[in-house]
Amino acid sequence: MDPSPESDPSHEPHSAYPEDAYEGGHGPYQPHEPGYGLDQPGYSPYEDEIPDAQARMLAIKNAKAYLLKTSTKSGLNLYDHFATILTKILDEQPANTVDIIETISQDVKWAQFRKKMDTLRDEHLIPPTFEAAEKCKALFIKEAGEEEHEELDEEMGEPALPNVMETAFYFEQAGIGLSKDECYYIFLAFKNLISVQPIQTCRFWGKILGLEMNYIIAEVQLREGEEEEEEREGEEEETVAEEKEMGEGEEEEEQKEKEPEPPKSTYKPPPEIPKEANGTGTNKYVYFVCNEPGKPWVKLPPVTPAQIVCARQIKKFFTGRLDAPIVSFPPFPGNEANYLRAQIARISAGTHVSPTGFYQFPEDEEEEEGGDTYEENPEFEPPPVAEMVESLAMWAHHVKGILKQGRCVWINPAQKSEEDEEEGEEEEEEEEEEHQEETGQPLLTLISEDEGMKNIPAWTAQASTNLIPEYSIAILQSNRWPGAYAFASGRKFENIYFGWGHKYSPESHTPALPPPAEAEFPSEPGITEAADPTVEEELAFKAAQEEALAEAEEEEEEEGEDD
Amino acid sequence: MEALSLPAALSLVAGGGAGLSPELRAALGASLPLLQRDYRFERVWFWGCIQGVRGAYYIAQGLGPDRAAPRSRLYSLNCLDWSLLTPATEEMLALAEEVKGRFQGDPSFEYSLAEINPEAAARLVQSGKEPVMKEEARLIATIEQIDRAVGIVPRGAFVKTPLGSVHENRHFEGLSLVEAKKLSSYFHFTEPTDLKNKTLLEKADLDPSTDFLNSLEHDIPQGKGSWSIQLEKGGSVVVLRSLLWLGLTFYHVPMTKQFGYVYFGTGEKNLDLPFML
């Protein structure tokens, strides 16, 4: 086929001059156009190839007929395909067309399958993007009852809403934090939380990442009256449950008396350690979580020591759904909400620090080692940033550490079982083990006393910038809980957590082994196994017996003879 | 991530809480173009940051005309002065697997191999070298491992020309929202290993210009995989976080050409992954 422009039939329909735009044959060329005069017989550049004009026209018609041949597979023909491609290219004028010509050709072929005239219209899909955008917009709407809340705040004195943006600014100096948009959404979500719940103080605790969704966590102290009401509700629910269990137990016992009872297990589970009261120890704060700002806040249940002890032994990713089960060994007593609460408690106890001297023990009470309260020190003078970075002794924990038992304040589980003793037998008293009292570090210990792992210190301190020391802030990063950060600048300081919610361990995580199998029953003479006598032993025994019999007969004969 | 789109990209991966301070961002904005000029790279990518105990390493990558060729890597302690790293060797990779624990933050720190792996130490002594591993070598090996294991790109973003070199696909307009949620729409940007194992039926559906890499579907552990896919901002950004190398974040805005990955982490492999799922 001739590649020359004037004989290329597919070029014709898009000629710049409308009078030339008809298929088949060459248009009358104007004097200013190239090709003028070439359509006259005898003047075409390819004269010598096909000298005869009629034969040339025939060759062109044959070539065009070949191009118009429909493909047996797809029903397209090359002529139309090229026409569409070139139309598209000339419409869109992409750069470096020759490099992407194959993809353009493919796209044109795909477009064939999209029917433009369809009697069924596609349902207008609302992508989830818009729903989320609506929720975010809802955050911005100011409620009508705003004015009442403002008056209440004035009565209370301190503002309950934390200044999330200010904290975000300081952490940004260290390169830590979420994007500004997300921070602002969280700020507004906090405002919603405060208007809904009776909150005294509130703080942005951090964000924990999950597989499907993430958690945004708020650390909150509820107003005192509200907490007691909730406790009473919780207790009422528990007593109702216990009564139900007692009723069922009695029915079972009646049935059992009729049948001979199988041997009872002598296994006594260790006594349950009671959780700490709301407002003290691990349950000092109440935590609310939400998956995204705009979604409703959910309150996490208080944490029990058993959950903390188990959480120390397992390592699981969070999925993002609070009701997801935790499948692990040792079996975790609870679902993801409880596991989340236990990890939050551990992280808070391990990494919440403040500049030394910011908090002090109240002077009115005697200084006990088990003291849980602290108050701000009005005479605190912030040390310079350089000192805060150099020496870890300038920082102190202000959250009590968690003991091995799972509580902040040790309790002797033997005391709790006094009620059981009255009902039970005397044997129980003998089997009690002595529980050793555990002591942890007192409140306000300096973080320089935190142990490191192998050759890694527990904390890394840095200044946010070395170039402008007068405005730099001190940043602490925890190495035991990667993702926990703290900053201090003058009188301002804050702690935050961004991470997956797991502790760092230099060795790989080894899951707990299953406990050894319990002995089924104590060994008694009637049940103990003994080896059966072998054939030789039996024969020897028989021979010995016969000998004894023979001797006895001889003696009798002798005696008989004597008579 | 592309050096030129760094500010926008950093705000998209900030969901994990890790990012750069304004000082470092400004420094990168100034030093990465200079890198491009000095080393004559066609593209400069900011790879990420490895946190050591006493300091952090900031890593940049430079790419030549063939995007699949071995990349030049540079590191810096302050985002201003960059030093070129030598390419990784298999021996370095094998040694780095043995060394565990955090990076120290000092490039000249030496890990004593005698404690960790006496056999390797003995081999080194025999060949006349000291039985130590420098932190710089460990850094090189770790970056190479991370790139090989979890450096990903969306399907269709790169095309392989018939001559074998790999370029960005200028016709790539982004994945659709439905495609973006599937693991099979993302590829590891390294030498493919799986392609020959596919059945003929599967190979027939592939397009050799765009499907020349391993997809993420077959990452161990299968089923849940070692990736967490999330749609943030209600689907306007899809973020993939690796669970094997905690800290690697990949972002893509569906129906646009924006994508990239960055690593902010401690440079340690998460070997507890099977227990954690």
# chains A, B, ... in the order shown; residues from 1 in each chain; ligands from 1
call {"tool": "interface_residues", "arguments": {"of": "chain A", "to": "chain B", "cutoff": "6 Å", "atoms": "only C-alpha atoms", "output": "MDAnalysis selection string"}}
result
chainID A and resid 128:129 132 172:179 211 315:317 498 506 509
call {"tool": "residues_around", "arguments": {"residues": "Val178 in chain B", "least_positions_apart": "2", "cutoff": "12 Å", "atoms": "only C-alpha atoms", "output": "list in words"}}
result
Pro127 and Pro128 of chain A; Gly174, Leu175, Ser176, Ala180, Lys181, Lys182, Leu183, Ser184, Ser185, Leu231, Gly235, Val238, Pro254 and Met255 of chain B
call {"tool": "write_last_selection", "arguments": {"atoms": "all heavy atoms", "output": "mmCIF file, in the first residue's frame"}}
result
data_model
loop_
_atom_site.group_PDB
_atom_site.id
_atom_site.type_symbol
_atom_site.label_atom_id
_atom_site.label_comp_id
_atom_site.auth_asym_id
_atom_site.auth_seq_id
_atom_site.Cartn_x
_atom_site.Cartn_y
_atom_site.Cartn_z
ATOM 1 N N PRO A 127 -20.157 6.432 45.687
ATOM 2 C CA PRO A 127 -18.988 5.830 46.329
ATOM 3 C C PRO A 127 -18.924 6.238 47.797
ATOM 4 O O PRO A 127 -19.441 7.284 48.161
ATOM 5 C CB PRO A 127 -17.798 6.406 45.557
ATOM 6 C CG PRO A 127 -18.323 7.451 44.681
ATOM 7 C CD PRO A 127 -19.793 7.395 44.661
ATOM 8 N N PRO A 128 -18.324 5.396 48.609
ATOM 9 C CA PRO A 128 -18.258 5.691 50.040
ATOM 10 C C PRO A 128 -17.534 6.996 50.346
ATOM 11 O O PRO A 128 -17.652 7.524 51.436
ATOM 12 C CB PRO A 128 -17.510 4.499 50.634
ATOM 13 C CG PRO A 128 -16.894 3.797 49.488
ATOM 14 C CD PRO A 128 -17.676 4.121 48.295
ATOM 15 N N GLY B 174 -4.523 5.591 36.871
ATOM 16 C CA GLY B 174 -4.887 5.237 38.231
ATOM 17 C C GLY B 174 -5.801 4.033 38.269
ATOM 18 O O GLY B 174 -6.452 3.702 37.296
ATOM 19 N N LEU B 175 -5.816 3.367 39.420
ATOM 20 C CA LEU B 175 -6.712 2.227 39.588
ATOM 21 C C LEU B 175 -8.094 2.743 39.953
ATOM 22 O O LEU B 175 -8.236 3.805 40.545
ATOM 23 C CB LEU B 175 -6.213 1.342 40.727
ATOM 24 C CG LEU B 175 -4.815 0.769 40.568
ATOM 25 C CD1 LEU B 175 -4.415 0.084 41.855
ATOM 26 C CD2 LEU B 175 -4.774 -0.207 39.434
ATOM 27 N N SER B 176 -9.090 1.955 39.588
ATOM 28 C CA SER B 176 -10.437 2.336 40.011
ATOM 29 C C SER B 176 -10.614 1.927 41.475
ATOM 30 O O SER B 176 -9.824 1.191 42.025
ATOM 31 C CB SER B 176 -11.471 1.633 39.151
ATOM 32 O OG SER B 176 -11.442 0.258 39.452
ATOM 33 N N ALA B 180 -8.661 -0.959 43.457
ATOM 34 C CA ALA B 180 -7.700 -0.527 44.470
ATOM 35 C C ALA B 180 -7.815 -1.336 45.746
ATOM 36 O O ALA B 180 -6.884 -1.388 46.527
ATOM 37 C CB ALA B 180 -7.902 0.948 44.783
ATOM 38 N N LYS B 181 -8.964 -1.976 45.965
ATOM 39 C CA LYS B 181 -9.114 -2.742 47.199
ATOM 40 C C LYS B 181 -8.561 -4.142 47.086
ATOM 41 O O LYS B 181 -8.489 -4.867 48.061
ATOM 42 C CB LYS B 181 -10.604 -2.858 47.541
ATOM 43 C CG LYS B 181 -11.198 -1.566 48.008
ATOM 44 C CD LYS B 181 -12.578 -1.805 48.571
ATOM 45 C CE LYS B 181 -13.490 -0.682 48.185
ATOM 46 N NZ LYS B 181 -14.882 -0.956 48.448
ATOM 47 N N LYS B 182 -8.158 -4.543 45.861
ATOM 48 C CA LYS B 182 -7.696 -5.918 45.693
ATOM 49 C C LYS B 182 -6.187 -5.969 45.753
ATOM 50 O O LYS B 182 -5.493 -5.131 45.192
ATOM 51 C CB LYS B 182 -8.129 -6.452 44.319
ATOM 52 C CG LYS B 182 -9.596 -6.610 44.173
ATOM 53 C CD LYS B 182 -9.874 -7.410 42.918
ATOM 54 C CE LYS B 182 -10.986 -6.742 42.144
ATOM 55 N NZ LYS B 182 -11.148 -7.281 40.820
ATOM 56 N N LEU B 183 -5.682 -7.003 46.382
ATOM 57 C CA LEU B 183 -4.240 -7.164 46.464
ATOM 58 C C LEU B 183 -3.628 -7.463 45.108
ATOM 59 O O LEU B 183 -2.457 -7.221 44.872
ATOM 60 C CB LEU B 183 -3.890 -8.308 47.415
ATOM 61 C CG LEU B 183 -3.809 -7.977 48.891
ATOM 62 C CD1 LEU B 183 -3.433 -9.210 49.661
ATOM 63 C CD2 LEU B 183 -2.812 -6.883 49.137
ATOM 64 N N SER B 184 -4.425 -8.016 44.195
ATOM 65 C CA SER B 184 -3.842 -8.401 42.923
ATOM 66 C C SER B 184 -3.562 -7.210 42.037
ATOM 67 O O SER B 184 -2.944 -7.343 40.992
ATOM 68 C CB SER B 184 -4.766 -9.365 42.180
ATOM 69 O OG SER B 184 -6.049 -8.796 42.077
ATOM 70 N N SER B 185 -4.012 -6.023 42.435
ATOM 71 C CA SER B 185 -3.731 -4.850 41.603
ATOM 72 C C SER B 185 -2.399 -4.216 41.912
ATOM 73 O O SER B 185 -2.078 -3.169 41.377
ATOM 74 C CB SER B 185 -4.794 -3.775 41.813
ATOM 75 O OG SER B 185 -6.019 -4.320 42.041
ATOM 76 N N LEU B 231 -8.947 2.136 53.310
ATOM 77 C CA LEU B 231 -9.352 3.295 52.534
ATOM 78 C C LEU B 231 -9.507 4.441 53.504
ATOM 79 O O LEU B 231 -10.355 4.394 54.388
ATOM 80 C CB LEU B 231 -10.689 3.029 51.836
ATOM 81 C CG LEU B 231 -10.630 1.973 50.756
ATOM 82 C CD1 LEU B 231 -12.020 1.641 50.287
ATOM 83 C CD2 LEU B 231 -9.820 2.478 49.590
ATOM 84 N N GLY B 235 -12.314 6.641 51.178
ATOM 85 C CA GLY B 235 -12.058 6.083 49.859
ATOM 86 C C GLY B 235 -11.311 7.017 48.953
ATOM 87 O O GLY B 235 -11.060 6.688 47.796
ATOM 88 N N VAL B 238 -6.141 5.184 49.144
ATOM 89 C CA VAL B 238 -6.007 3.806 49.598
ATOM 90 C C VAL B 238 -4.589 3.659 50.134
ATOM 91 O O VAL B 238 -3.619 4.036 49.489
ATOM 92 C CB VAL B 238 -6.306 2.805 48.471
ATOM 93 C CG1 VAL B 238 -5.380 2.965 47.307
ATOM 94 C CG2 VAL B 238 -6.230 1.397 48.981
ATOM 95 N N PRO B 254 -6.990 6.755 44.079
ATOM 96 C CA PRO B 254 -7.589 6.068 42.925
ATOM 97 C C PRO B 254 -8.014 7.071 41.857
ATOM 98 O O PRO B 254 -8.394 8.195 42.150
ATOM 99 C CB PRO B 254 -8.803 5.358 43.531
ATOM 100 C CG PRO B 254 -8.522 5.257 44.962
ATOM 101 C CD PRO B 254 -7.692 6.438 45.316
ATOM 102 N N MET B 255 -7.950 6.624 40.610
ATOM 103 C CA MET B 255 -8.317 7.427 39.447
ATOM 104 C C MET B 255 -7.400 8.627 39.265
ATOM 105 O O MET B 255 -7.729 9.565 38.554
ATOM 106 C CB MET B 255 -9.786 7.921 39.524
ATOM 107 C CG MET B 255 -10.797 6.817 39.690
ATOM 108 S SD MET B 255 -10.575 5.428 38.578
ATOM 109 C CE MET B 255 -11.087 6.133 37.030
#
call {"tool": "select_by_dssp", "arguments": {"residues": "range 62-223 of chain B", "states": "strand (DSSP E or B)", "output": "PDB file with N, CA and C atoms, in the first residue's frame"}}
result
ATOM      1  N   GLY B  62      18.066   7.035  43.675  1.00  0.00           N
ATOM      2  CA  GLY B  62      18.107   7.689  42.372  1.00  0.00           C
ATOM      3  C   GLY B  62      17.913   6.659  41.288  1.00  0.00           C
ATOM      4  N   LEU B  63      17.080   7.001  40.288  1.00  0.00           N
ATOM      5  CA  LEU B  63      16.806   6.046  39.220  1.00  0.00           C
ATOM      6  C   LEU B  63      17.307   6.584  37.897  1.00  0.00           C
ATOM      7  N   SER B  72      20.588   3.438  42.693  1.00  0.00           N
ATOM      8  CA  SER B  72      21.623   3.975  43.577  1.00  0.00           C
ATOM      9  C   SER B  72      20.957   4.495  44.817  1.00  0.00           C
ATOM     10  N   ARG B  73      21.553   4.165  45.948  1.00  0.00           N
ATOM     11  CA  ARG B  73      20.958   4.594  47.217  1.00  0.00           C
ATOM     12  C   ARG B  73      21.931   5.508  47.938  1.00  0.00           C
ATOM     13  N   LEU B  74      21.356   6.499  48.587  1.00  0.00           N
ATOM     14  CA  LEU B  74      22.175   7.430  49.346  1.00  0.00           C
ATOM     15  C   LEU B  74      21.560   7.584  50.717  1.00  0.00           C
ATOM     16  N   TYR B  75      22.419   7.860  51.697  1.00  0.00           N
ATOM     17  CA  TYR B  75      21.883   8.080  53.034  1.00  0.00           C
ATOM     18  C   TYR B  75      22.424   9.383  53.582  1.00  0.00           C
ATOM     19  N   SER B  76      21.691   9.892  54.533  1.00  0.00           N
ATOM     20  CA  SER B  76      22.106  11.141  55.169  1.00  0.00           C
ATOM     21  C   SER B  76      21.650  11.105  56.609  1.00  0.00           C
ATOM     22  N   SER B  83      25.477  10.621  51.300  1.00  0.00           N
ATOM     23  CA  SER B  83      26.609   9.761  50.935  1.00  0.00           C
ATOM     24  C   SER B  83      26.077   8.575  50.167  1.00  0.00           C
ATOM     25  N   LEU B  84      26.803   8.216  49.099  1.00  0.00           N
ATOM     26  CA  LEU B  84      26.355   7.111  48.263  1.00  0.00           C
ATOM     27  C   LEU B  84      26.645   5.791  48.955  1.00  0.00           C
ATOM     28  N   LEU B  85      25.722   4.855  48.847  1.00  0.00           N
ATOM     29  CA  LEU B  85      25.916   3.524  49.419  1.00  0.00           C
ATOM     30  C   LEU B  85      26.285   2.570  48.299  1.00  0.00           C
ATOM     31  N   PHE B 103      19.020  -0.500  65.011  1.00  0.00           N
ATOM     32  CA  PHE B 103      20.184   0.198  64.493  1.00  0.00           C
ATOM     33  C   PHE B 103      20.665   1.181  65.558  1.00  0.00           C
ATOM     34  N   GLU B 110      30.205  -1.083  64.794  1.00  0.00           N
ATOM     35  CA  GLU B 110      30.490  -2.426  64.299  1.00  0.00           C
ATOM     36  C   GLU B 110      29.826  -3.447  65.179  1.00  0.00           C
ATOM     37  N   TYR B 111      29.082  -4.333  64.540  1.00  0.00           N
ATOM     38  CA  TYR B 111      28.466  -5.426  65.264  1.00  0.00           C
ATOM     39  C   TYR B 111      29.471  -6.565  65.313  1.00  0.00           C
ATOM     40  N   SER B 112      29.696  -7.082  66.504  1.00  0.00           N
ATOM     41  CA  SER B 112      30.665  -8.151  66.616  1.00  0.00           C
ATOM     42  C   SER B 112      29.985  -9.457  66.263  1.00  0.00           C
ATOM     43  N   VAL B 132      33.496  -8.670  61.943  1.00  0.00           N
ATOM     44  CA  VAL B 132      32.565  -7.638  62.380  1.00  0.00           C
ATOM     45  C   VAL B 132      31.676  -7.282  61.204  1.00  0.00           C
ATOM     46  N   MET B 133      30.551  -6.695  61.500  1.00  0.00           N
ATOM     47  CA  MET B 133      29.719  -6.162  60.430  1.00  0.00           C
ATOM     48  C   MET B 133      29.479  -4.703  60.727  1.00  0.00           C
ATOM     49  N   LYS B 134      29.780  -3.888  59.746  1.00  0.00           N
ATOM     50  CA  LYS B 134      29.589  -2.461  59.957  1.00  0.00           C
ATOM     51  C   LYS B 134      28.119  -2.118  59.826  1.00  0.00           C
ATOM     52  N   ILE B 152       6.290  -1.724  46.486  1.00  0.00           N
ATOM     53  CA  ILE B 152       5.202  -2.059  45.568  1.00  0.00           C
ATOM     54  C   ILE B 152       4.775  -0.865  44.720  1.00  0.00           C
ATOM     55  N   VAL B 153       4.154  -1.209  43.585  1.00  0.00           N
ATOM     56  CA  VAL B 153       3.625  -0.212  42.660  1.00  0.00           C
ATOM     57  C   VAL B 153       2.273  -0.716  42.175  1.00  0.00           C
ATOM     58  N   PRO B 154       1.395   0.174  41.735  1.00  0.00           N
ATOM     59  CA  PRO B 154       0.110  -0.303  41.222  1.00  0.00           C
ATOM     60  C   PRO B 154       0.284  -0.936  39.847  1.00  0.00           C
ATOM     61  N   PHE B 158       3.794   0.884  35.415  1.00  0.00           N
ATOM     62  CA  PHE B 158       5.036   0.762  34.668  1.00  0.00           C
ATOM     63  C   PHE B 158       4.824  -0.189  33.515  1.00  0.00           C
ATOM     64  N   VAL B 159       5.468   0.112  32.387  1.00  0.00           N
ATOM     65  CA  VAL B 159       5.376  -0.780  31.228  1.00  0.00           C
ATOM     66  C   VAL B 159       6.773  -1.226  30.863  1.00  0.00           C
ATOM     67  N   LYS B 160       6.810  -2.423  30.317  1.00  0.00           N
ATOM     68  CA  LYS B 160       8.079  -2.966  29.872  1.00  0.00           C
ATOM     69  C   LYS B 160       8.103  -2.850  28.358  1.00  0.00           C
ATOM     70  N   VAL B 166      12.255  -0.701  31.445  1.00  0.00           N
ATOM     71  CA  VAL B 166      10.982  -0.420  32.089  1.00  0.00           C
ATOM     72  C   VAL B 166      10.816   1.085  32.226  1.00  0.00           C
ATOM     73  N   HIS B 167       9.655   1.578  31.847  1.00  0.00           N
ATOM     74  CA  HIS B 167       9.378   3.013  31.967  1.00  0.00           C
ATOM     75  C   HIS B 167       8.065   3.231  32.668  1.00  0.00           C
ATOM     76  N   GLU B 168       7.854   4.468  33.101  1.00  0.00           N
ATOM     77  CA  GLU B 168       6.518   4.798  33.606  1.00  0.00           C
ATOM     78  C   GLU B 168       5.537   4.770  32.446  1.00  0.00           C
ATOM     79  N   TYR B 186      -1.623  -4.806  42.819  1.00  0.00           N
ATOM     80  CA  TYR B 186      -0.345  -4.199  43.180  1.00  0.00           C
ATOM     81  C   TYR B 186       0.757  -5.199  42.922  1.00  0.00           C
ATOM     82  N   PHE B 187       1.889  -4.698  42.486  1.00  0.00           N
ATOM     83  CA  PHE B 187       3.007  -5.557  42.136  1.00  0.00           C
ATOM     84  C   PHE B 187       4.217  -5.202  42.977  1.00  0.00           C
ATOM     85  N   HIS B 188       5.043  -6.223  43.229  1.00  0.00           N
ATOM     86  CA  HIS B 188       6.359  -5.968  43.796  1.00  0.00           C
ATOM     87  C   HIS B 188       7.256  -5.437  42.708  1.00  0.00           C
ATOM     88  N   SER B 215       2.546 -10.239  41.626  1.00  0.00           N
ATOM     89  CA  SER B 215       1.501  -9.485  42.337  1.00  0.00           C
ATOM     90  C   SER B 215       1.549  -9.827  43.818  1.00  0.00           C
TER      91      SER B 215
END
call {"tool": "atom_distance", "arguments": {"atom1": "CA of Phe140 in chain A", "atom2": "CA of Gly206 in chain A"}}
result
21.7 Å
call {"tool": "residues_around", "arguments": {"residues": "Tyr263 in chain B", "least_positions_apart": "3", "cutoff": "8 Å", "atoms": "only C-alpha atoms", "output": "PyMOL selection string"}}
result
chain B and resi 47-50+247-249
call {"tool": "atom_distance", "arguments": {"atom1": "CA of Glu390 in chain A", "atom2": "CA of Gly499 in chain A"}}
result
25.7 Å
call {"tool": "atom_distance", "arguments": {"atom1": "CA of Leu58 in chain A", "atom2": "CA of Phe82 in chain A"}}
result
21.6 Å
